[in-house]
Amino acid sequence: MTTTLPPTPSGRKEAGFRHELYPYRGEQDFLAGTLGFIHEALEGGEAVVVAVPSDKTVLLRDELADEPAVTFVDTVTAGPNPGRLVAAWTAWMTERGAGETPVRGIGETAWRQARNPAHLAELRYHEWLLNRAFARSSTWSMLCPYDDTDEDPDALAAISRCHPLIRRNDMYAPNEDYLAGEDYAFDALTGPREPSFELRYTHGDLAVVRSKVSQSASEAGVSEDRLGQLAVAVTEIATNSIRHGGGHGTLRAWTQNATFLCEFRDAGYISDVMAGRTRPSEGQIGGRGLWLAHQLCDLVEIRSTRDRGTTVRLHMDAEQ
């Protein structure tokens, strides 16, 4: 049995980050929940950042009449890779919450526009990571609307596991489906499709790795301007293998559904789940490889365990 909690009283700060899932059906239901969340914020003197699809932006703007405390941002500028969104939300919320001003975010992920199952899985992982990324923020909270028009219980359950709270009828309650443990239950990586190549690399092999990937990516249809970006990402990930993964690794590459994929495996272990998701600080030594990969590639999948080592899979759009 869950305990339903009232909206946060005006002016009171809660301990820790508040992350709510809001399942809705239809435009009126969407407006009822999001406007209720926004008006709670305005009554408490809080700022609001809204990142929702363009049609939902129009609906909210019509209702809010250019309310100065509400800022609309365009998630398209962050690019397709969900690995960039933690840093984007950090920037948006920090900018609006100068000083100790509490900030609420409304972020509706475009679930139905996911490019493929891997993209959808990484979108879910991003939602779970928000709880880790903002756990210590006592002045931030976020509402995640989810269009449940299809009434797909499996899809809703999968997304619910990423949200500790659920909102209904302007009230929020603990979510019994939330994955509260330290480890995230990843979807298994799919196997490579033929044709693919496999190459073992070690010290002194970076030029060979770049050349092999660039040739294969070009043949797959990756555009000329993006081949250079891919070469940088590949160099960074292979370098990480050599420095932190036992001195060597294995590279495989293939094309699947208009996407060029290259996968790096090594014996290392990445203990920080936020690695590559937060912007490196000025003067920081190391820790930039995964960040660059997320910025340069359309998708990055990372699987790392102490017993099996690390797999990093880079995705780039390709024309078949």
# chains A, B, ... in the order shown; residues from 1 in each chain; ligands from 1
>>> select_by_dssp(residues="region 100-138 of chain A", states="strand (DSSP E)", output="JSON, numbers by chain")
{"A": [103, 104, 105, 106, 107]}
>>> residues_around(residues="region 86-95 of chain A", least_positions_apart="5", cutoff="12 Å", atoms="only C-alpha atoms", output="number ranges by chain")
A: 46-51, 70-79, 81, 100-107, 123, 125-134, 137, 139-142, 273-281, 291, 294-295
>>> residues_around(residues="region 307-311 of chain A", least_positions_apart="6", cutoff="6 Å", atoms="only C-alpha atoms", output="list in words")
Phe264, Arg265, Asp266, Ala267, Gly268 and Tyr269 of chain A
>>> closest_residue(among="A:Met171, A:Phe260, A:Thr239, A:Asp148", to="Pro195 (chain A)", atoms="only C-alpha atoms")
A:Phe260
>>> atom_distance(atom1="CA of Tyr172 (chain A)", atom2="CA of Tyr146 (chain A)")
14.7 Å
>>> decode(residues="region 139-197 of chain A", atoms="C-alpha atoms", output="mmCIF file, in the first residue's frame")
data_model
loop_
_atom_site.group_PDB
_atom_site.id
_atom_site.type_symbol
_atom_site.label_atom_id
_atom_site.label_comp_id
_atom_site.auth_asym_id
_atom_site.auth_seq_id
_atom_site.Cartn_x
_atom_site.Cartn_y
_atom_site.Cartn_z
ATOM 1 C CA THR A 139 16.465 22.583 -4.598
ATOM 2 C CA TRP A 140 15.704 20.655 -7.784
ATOM 3 C CA SER A 141 12.722 18.500 -8.698
ATOM 4 C CA MET A 142 11.478 17.069 -11.981
ATOM 5 C CA LEU A 143 8.199 15.889 -13.481
ATOM 6 C CA CYS A 144 8.335 13.450 -16.399
ATOM 7 C CA PRO A 145 5.038 13.270 -18.326
ATOM 8 C CA TYR A 146 4.475 9.980 -20.125
ATOM 9 C CA ASP A 147 1.784 9.505 -22.771
ATOM 10 C CA ASP A 148 -0.032 6.315 -21.743
ATOM 11 C CA THR A 149 -2.667 6.524 -24.466
ATOM 12 C CA ASP A 150 -1.710 3.076 -25.758
ATOM 13 C CA GLU A 151 -2.227 1.612 -22.279
ATOM 14 C CA ASP A 152 0.794 -0.666 -22.675
ATOM 15 C CA PRO A 153 1.426 -1.989 -19.140
ATOM 16 C CA ASP A 154 4.848 -3.402 -20.026
ATOM 17 C CA ALA A 155 6.085 -0.085 -21.423
ATOM 18 C CA LEU A 156 4.737 1.858 -18.446
ATOM 19 C CA ALA A 157 6.267 -0.617 -15.988
ATOM 20 C CA ALA A 158 9.679 -0.325 -17.669
ATOM 21 C CA ILE A 159 9.635 3.453 -17.392
ATOM 22 C CA SER A 160 8.188 3.383 -13.867
ATOM 23 C CA ARG A 161 11.262 1.499 -12.671
ATOM 24 C CA CYS A 162 13.278 4.667 -13.316
ATOM 25 C CA HIS A 163 11.124 7.036 -11.208
ATOM 26 C CA PRO A 164 10.929 6.920 -7.390
ATOM 27 C CA LEU A 165 7.652 8.881 -7.330
ATOM 28 C CA ILE A 166 4.472 8.781 -9.390
ATOM 29 C CA ARG A 167 1.927 11.619 -9.744
ATOM 30 C CA ARG A 168 -1.817 11.274 -10.126
ATOM 31 C CA ASN A 169 -4.600 13.803 -9.444
ATOM 32 C CA ASP A 170 -2.141 16.542 -8.432
ATOM 33 C CA MET A 171 -0.657 14.317 -5.726
ATOM 34 C CA TYR A 172 2.497 12.236 -5.767
ATOM 35 C CA ALA A 173 3.219 8.941 -4.051
ATOM 36 C CA PRO A 174 6.150 6.535 -3.673
ATOM 37 C CA ASN A 175 6.385 4.319 -6.735
ATOM 38 C CA GLU A 176 6.483 0.647 -5.785
ATOM 39 C CA ASP A 177 7.947 -0.290 -9.191
ATOM 40 C CA TYR A 178 11.021 1.933 -8.773
ATOM 41 C CA LEU A 179 14.385 0.210 -9.165
ATOM 42 C CA ALA A 180 15.875 1.487 -5.924
ATOM 43 C CA GLY A 181 19.039 -0.654 -5.837
ATOM 44 C CA GLU A 182 22.537 0.428 -6.744
ATOM 45 C CA ASP A 183 22.691 -1.619 -9.969
ATOM 46 C CA TYR A 184 20.671 -0.908 -13.092
ATOM 47 C CA ALA A 185 19.133 -3.851 -14.975
ATOM 48 C CA PHE A 186 20.445 -3.253 -18.492
ATOM 49 C CA ASP A 187 18.943 -4.758 -21.606
ATOM 50 C CA ALA A 188 21.396 -7.258 -23.088
ATOM 51 C CA LEU A 189 23.391 -5.993 -26.061
ATOM 52 C CA THR A 190 22.322 -7.561 -29.330
ATOM 53 C CA GLY A 191 24.920 -9.549 -31.237
ATOM 54 C CA PRO A 192 26.701 -8.073 -34.291
ATOM 55 C CA ARG A 193 25.302 -8.623 -37.754
ATOM 56 C CA GLU A 194 27.422 -9.801 -40.653
ATOM 57 C CA PRO A 195 29.499 -8.625 -42.336
ATOM 58 C CA SER A 196 31.721 -7.488 -39.480
ATOM 59 C CA PHE A 197 35.420 -7.384 -38.800
#
